[in-house]
$ cat entry_29.cif   # mmCIF, C-alpha atoms
data_coords
#
loop_
_atom_site.label_atom_id
_atom_site.label_comp_id
_atom_site.auth_asym_id
_atom_site.auth_seq_id
_atom_site.Cartn_x
_atom_site.Cartn_y
_atom_site.Cartn_z
CA MET D 1 103.02 4.89 74.57
CA PHE D 2 106.25 6.92 74.46
CA ARG D 3 104.28 10.15 74.05
CA THR D 4 102.26 9.29 77.18
CA ILE D 5 105.44 8.57 79.17
CA LYS D 6 106.95 11.85 78.00
CA GLU D 7 103.77 13.74 79.01
CA ASP D 8 103.82 12.13 82.46
CA ILE D 9 107.47 13.05 82.97
CA GLU D 10 106.85 16.64 81.88
CA ALA D 11 103.83 16.84 84.22
CA ALA D 12 106.02 15.71 87.13
CA LYS D 13 108.71 18.25 86.26
CA HIS D 14 106.09 21.00 85.98
CA ARG D 15 104.38 20.20 89.31
CA ASP D 16 107.36 19.24 91.47
CA PRO D 17 110.16 21.78 91.96
CA ALA D 18 112.43 18.94 93.17
CA ALA D 19 112.15 17.19 89.78
CA ARG D 20 115.33 18.40 88.13
CA SER D 21 115.65 16.03 85.19
CA SER D 22 113.57 13.74 83.02
CA LEU D 23 115.89 10.85 83.79
CA GLY D 24 115.43 11.42 87.53
CA VAL D 25 111.64 11.37 87.19
CA PHE D 26 111.78 8.28 84.96
CA MET D 27 113.94 6.35 87.41
CA PHE D 28 112.96 7.55 90.88
CA TYR D 29 109.33 8.75 90.99
CA PRO D 30 107.01 6.01 92.31
CA GLY D 31 103.93 8.07 91.41
CA THR D 32 104.80 7.93 87.72
CA HIS D 33 105.69 4.24 88.00
CA ALA D 34 102.30 3.50 89.59
CA VAL D 35 100.47 5.38 86.84
CA TRP D 36 102.40 3.54 84.12
CA ALA D 37 101.68 0.19 85.77
CA HIS D 38 98.03 1.17 86.00
CA ARG D 39 97.85 1.90 82.29
CA ILE D 40 98.99 -1.69 81.63
CA SER D 41 96.63 -3.11 84.27
CA HIS D 42 93.70 -1.11 82.89
CA TRP D 43 94.37 -2.37 79.37
CA LEU D 44 94.40 -5.95 80.68
CA TRP D 45 91.21 -5.28 82.66
CA GLN D 46 89.42 -3.91 79.60
CA HIS D 47 90.47 -6.96 77.56
CA ARG D 48 88.99 -9.35 80.13
CA LEU D 49 92.36 -10.48 81.46
CA LYS D 50 91.33 -9.56 84.99
CA PRO D 51 93.59 -11.97 86.93
CA LEU D 52 96.64 -10.61 85.09
CA ALA D 53 95.42 -7.05 85.64
CA ARG D 54 95.07 -7.68 89.38
CA LEU D 55 98.48 -9.36 89.54
CA ASN D 56 100.13 -6.40 87.82
CA SER D 57 98.34 -3.88 90.05
CA GLN D 58 99.35 -5.77 93.20
CA LEU D 59 102.96 -5.90 92.04
CA ALA D 60 102.86 -2.14 91.43
CA ARG D 61 101.34 -1.65 94.90
CA PHE D 62 104.15 -3.68 96.46
CA LEU D 63 106.82 -1.70 94.62
CA THR D 64 105.36 1.82 94.95
CA GLY D 65 103.03 1.86 97.96
CA ILE D 66 100.27 3.18 95.68
CA GLU D 67 97.15 1.10 95.12
CA ILE D 68 95.21 1.78 91.92
CA HIS D 69 92.46 -0.67 91.00
CA PRO D 70 92.75 -1.81 87.36
CA GLY D 71 89.14 -0.77 86.72
CA ALA D 72 89.76 2.90 87.59
CA VAL D 73 89.71 5.32 84.65
CA ILE D 74 92.59 7.80 84.72
CA GLY D 75 93.05 10.75 82.39
CA ARG D 76 96.27 12.16 81.00
CA ARG D 77 99.14 13.56 83.06
CA LEU D 78 98.02 12.38 86.52
CA PHE D 79 100.78 13.25 88.98
CA ILE D 80 100.99 11.51 92.35
CA ASP D 81 103.50 13.34 94.56
CA HIS D 82 104.96 11.47 97.55
CA GLY D 83 102.45 8.76 96.73
CA MET D 84 102.82 6.36 99.65
CA GLY D 85 99.40 5.26 100.86
CA VAL D 86 97.35 6.52 97.91
CA VAL D 87 94.29 4.34 97.20
CA ILE D 88 92.17 4.71 94.06
CA GLY D 89 89.04 2.54 93.94
CA GLU D 90 87.64 0.46 91.10
CA THR D 91 84.99 2.83 89.76
CA SER D 92 86.97 6.04 90.26
CA VAL D 93 87.24 8.38 87.29
CA ILE D 94 90.07 10.93 87.24
CA GLY D 95 90.27 13.74 84.67
CA ASP D 96 93.33 15.23 82.98
CA ASP D 97 96.11 17.11 84.81
CA VAL D 98 95.04 15.98 88.30
CA MET D 99 97.50 16.04 91.21
CA LEU D 100 97.26 13.78 94.27
CA TYR D 101 99.45 13.99 97.35
CA HIS D 102 100.31 11.14 99.73
CA GLN D 103 97.68 9.14 101.61
CA VAL D 104 94.78 10.30 99.42
CA THR D 105 91.86 7.87 99.25
CA LEU D 106 89.32 7.85 96.43
CA GLY D 107 87.06 5.29 98.05
CA GLY D 108 83.58 3.90 98.32
CA THR D 109 81.12 4.16 101.19
CA GLY D 110 79.33 0.84 100.89
CA LEU D 111 78.94 -2.45 99.10
CA GLU D 112 76.36 -1.34 96.54
CA PRO D 113 76.97 -2.53 92.96
CA GLY D 114 77.79 -0.12 90.16
CA LYS D 115 79.50 3.26 90.40
CA ARG D 116 80.57 3.71 94.03
CA HIS D 117 83.76 5.79 93.85
CA PRO D 118 84.34 9.49 93.09
CA THR D 119 84.79 11.30 89.81
CA LEU D 120 87.37 14.10 89.72
CA GLY D 121 87.23 16.69 86.94
CA ASP D 122 90.24 18.10 85.12
CA ARG D 123 92.97 20.01 87.01
CA VAL D 124 91.82 18.97 90.50
CA VAL D 125 94.40 19.06 93.32
CA VAL D 126 93.85 16.73 96.30
CA GLY D 127 95.87 17.50 99.43
CA ALA D 128 97.72 15.03 101.64
CA GLY D 129 95.52 12.67 103.63
CA ALA D 130 92.25 13.77 102.00
CA LYS D 131 89.45 11.21 101.68
CA VAL D 132 87.01 11.57 98.80
CA LEU D 133 84.29 9.00 99.35
CA GLY D 134 81.30 7.68 97.46
CA ASN D 135 79.75 8.21 94.04
CA ILE D 136 80.31 11.96 94.01
CA THR D 137 81.64 14.41 91.45
CA ILE D 138 84.25 17.08 92.10
CA GLY D 139 84.14 19.74 89.39
CA SER D 140 87.15 20.78 87.33
CA ASP D 141 89.70 23.28 88.67
CA SER D 142 88.87 22.45 92.31
CA ALA D 143 91.19 21.98 95.28
CA ILE D 144 90.68 19.65 98.23
CA GLY D 145 92.56 20.57 101.39
CA ALA D 146 94.80 18.26 103.39
CA ASN D 147 92.89 15.77 105.58
CA ALA D 148 89.50 16.89 104.24
CA VAL D 149 86.74 14.28 104.14
CA VAL D 150 84.60 14.92 101.07
CA VAL D 151 81.25 13.10 100.84
CA ARG D 152 79.20 15.50 98.67
CA ASP D 153 79.42 16.82 95.11
CA ALA D 154 81.24 20.08 94.52
CA PRO D 155 80.97 22.47 91.55
CA LYS D 156 83.80 23.66 89.35
CA PHE D 157 86.30 26.10 90.91
CA SER D 158 85.66 24.89 94.49
CA THR D 159 87.89 24.67 97.51
CA LEU D 160 86.90 21.90 99.91
CA VAL D 161 88.20 21.91 103.48
CA GLY D 162 87.28 20.33 106.80
CA VAL D 163 85.59 17.23 108.17
CA PRO D 164 83.10 16.91 106.63
CA ALA D 165 84.36 19.16 103.87
CA ARG D 166 82.60 22.43 103.22
CA VAL D 167 82.58 23.97 99.77
CA ARG D 168 84.09 27.41 99.28
CA PRO D 169 84.68 29.31 96.04
CA ARG D 170 88.25 28.94 94.84
CA ARG D 171 90.37 32.07 94.84
CA GLY D 172 90.43 33.62 91.37
CA ALA D 173 87.47 31.53 90.17
CA PRO D 174 84.93 32.98 87.74
CA ALA D 175 81.76 34.20 89.42
CA ALA D 176 79.21 31.46 90.01
CA PRO D 177 75.64 31.86 91.25
CA THR D 178 76.24 30.04 94.56
CA TYR D 179 78.21 27.23 96.19
CA GLU D 180 75.52 25.29 98.01
CA TYR D 181 74.92 21.55 98.09
CA PRO D 182 72.62 19.70 95.66
CA ASN D 183 68.91 19.57 96.45
CA GLU D 184 69.14 23.02 97.96
CA PRO D 185 67.89 26.11 96.12
CA GLY D 186 70.46 27.76 93.90
CA PHE D 187 72.93 24.88 93.59
CA TYR D 188 75.52 25.67 90.95
CA GLU D 189 75.48 22.92 88.33
CA ILE D 190 78.73 21.12 87.65
#
$ encode --input "entry_29.cif" --output "structure tokens"
Amino acid sequence: MFRTIKEDIEAAKHRDPAARSSLGVFMFYPGTHAVWAHRISHWLWQHRLKPLARLNSQLARFLTGIEIHPGAVIGRRLFIDHGMGVVIGETSVIGDDVMLYHQVTLGGTGLEPGKRHPTLGDRVVVGAGAKVLGNITIGSDSAIGANAVVVRDAPKFSTLVGVPARVRPRRGAPAAPTYEYPNEPGFYEI
């Protein structure tokens, strides 16, 4: 547990130039507090203590302004910067070293049972106000622009911008065959 806390603090210091000390991050960063509360809620959720998990997640939401469902699966070193208004849905899966800015939504698009929220690969950056909706996958090392609305899969090393978001190759990305949507010829597999 202490190793995880230390990793989260170091991730905040690495990604936020305003983070000047470990103590400052530990005491004053609601994004790290929300992630730590989620780790407890998720453990409770997995051990079939769902009412306690929901209670803990709602308390964290009240204190931080960040709503993370206890069922969401979050990788290591997630950093939520200026996290007010962030919503992460129940079946969301977030990889390692992901960064979310304020008012990001990882949400569903309907009431269908099963997986209905997005999956983000490792090292994905999601800009302020972006909405990533539905059972879609965003490949590792991708970036989603501020206020983008993403409703389709995207391959690794993508940049997604606009409403609805269009996929562009990310600057400095390794060459890929193409960046078209699934079910179209030449789609680059994630």
$ resolve_selection --input "entry_29.cif" --expression "the PyMOL selection byres ((chain D and resi 86-99) around 8)" --output "count of residues only"
43
$ resolve_selection --input "entry_29.cif" --expression "the PyMOL selection byres ((chain D and resi 42) around 10)" --output "PDB file with C-alpha atoms, keeping the file's coordinate frame"
ATOM      1  CA  TRP D  36     102.400   3.540  84.120  1.00  0.00           C
ATOM      2  CA  ALA D  37     101.680   0.190  85.770  1.00  0.00           C
ATOM      3  CA  HIS D  38      98.030   1.170  86.000  1.00  0.00           C
ATOM      4  CA  ARG D  39      97.850   1.900  82.290  1.00  0.00           C
ATOM      5  CA  ILE D  40      98.990  -1.690  81.630  1.00  0.00           C
ATOM      6  CA  SER D  41      96.630  -3.110  84.270  1.00  0.00           C
ATOM      7  CA  TRP D  43      94.370  -2.370  79.370  1.00  0.00           C
ATOM      8  CA  LEU D  44      94.400  -5.950  80.680  1.00  0.00           C
ATOM      9  CA  TRP D  45      91.210  -5.280  82.660  1.00  0.00           C
ATOM     10  CA  GLN D  46      89.420  -3.910  79.600  1.00  0.00           C
ATOM     11  CA  HIS D  47      90.470  -6.960  77.560  1.00  0.00           C
ATOM     12  CA  ARG D  48      88.990  -9.350  80.130  1.00  0.00           C
ATOM     13  CA  LEU D  49      92.360 -10.480  81.460  1.00  0.00           C
ATOM     14  CA  LYS D  50      91.330  -9.560  84.990  1.00  0.00           C
ATOM     15  CA  ALA D  53      95.420  -7.050  85.640  1.00  0.00           C
ATOM     16  CA  ARG D  54      95.070  -7.680  89.380  1.00  0.00           C
ATOM     17  CA  ASN D  56     100.130  -6.400  87.820  1.00  0.00           C
ATOM     18  CA  SER D  57      98.340  -3.880  90.050  1.00  0.00           C
ATOM     19  CA  ILE D  68      95.210   1.780  91.920  1.00  0.00           C
ATOM     20  CA  HIS D  69      92.460  -0.670  91.000  1.00  0.00           C
ATOM     21  CA  PRO D  70      92.750  -1.810  87.360  1.00  0.00           C
ATOM     22  CA  GLY D  71      89.140  -0.770  86.720  1.00  0.00           C
ATOM     23  CA  ALA D  72      89.760   2.900  87.590  1.00  0.00           C
ATOM     24  CA  VAL D  73      89.710   5.320  84.650  1.00  0.00           C
ATOM     25  CA  ILE D  74      92.590   7.800  84.720  1.00  0.00           C
TER      26      ILE D  74
END
$ residues_around --input "entry_29.cif" --residues "D:Thr109" --least-positions-apart "3" --cutoff "9 Å" --atoms "all atoms listed in the file" --output "number ranges by chain"
D: 112, 116-117, 133-135, 151
$ atom_distance --input "entry_29.cif" --atom1 "atom CA of D:Arg168" --atom2 "atom CA of D:Arg15"
23.7 Å
$ atom_distance --input "entry_29.cif" --atom1 "atom CA of D:His14" --atom2 "atom CA of D:Gly129"
22.2 Å
$ atom_distance --input "entry_29.cif" --atom1 "atom CA of D:Val132" --atom2 "atom CA of D:Phe26"
28.6 Å
$ closest_residue --input "entry_29.cif" --among "D:Ala173, D:Ala19, D:Ala128, D:Ile136" --to "D:Val161" --atoms "all atoms listed in the file"
D:Ala128
$ residues_around --input "entry_29.cif" --residues "D:Gly127" --least-positions-apart "6" --cutoff "6 Å" --atoms "only C-alpha atoms" --output "PyMOL selection string"
chain D and resi 101+144-146
$ closest_residue --input "entry_29.cif" --among "D:Ile138, D:Ala60, D:Ala18, D:Pro51" --to "D:Gly31" --atoms "all atoms listed in the file"
D:Ala60
$ axis_aligned_box --input "entry_29.cif" --around "stretch 63-82 of chain D" --padding-each-side "8 Å" --output "JSON"
{"center_x": 98.0, "center_y": 5.9, "center_z": 89.5, "size_x": 33.7, "size_y": 31.4, "size_z": 33.0}
$ closest_residue --input "entry_29.cif" --among "D:Leu59, D:Ala12, D:Leu52, D:Val149" --to "D:His82" --atoms "only C-alpha atoms"
D:Ala12
$ closest_residue --input "entry_29.cif" --among "D:Ala34, D:Ile9, D:Val150, D:Leu23" --to "D:Thr137" --atoms "all atoms listed in the file"
D:Val150
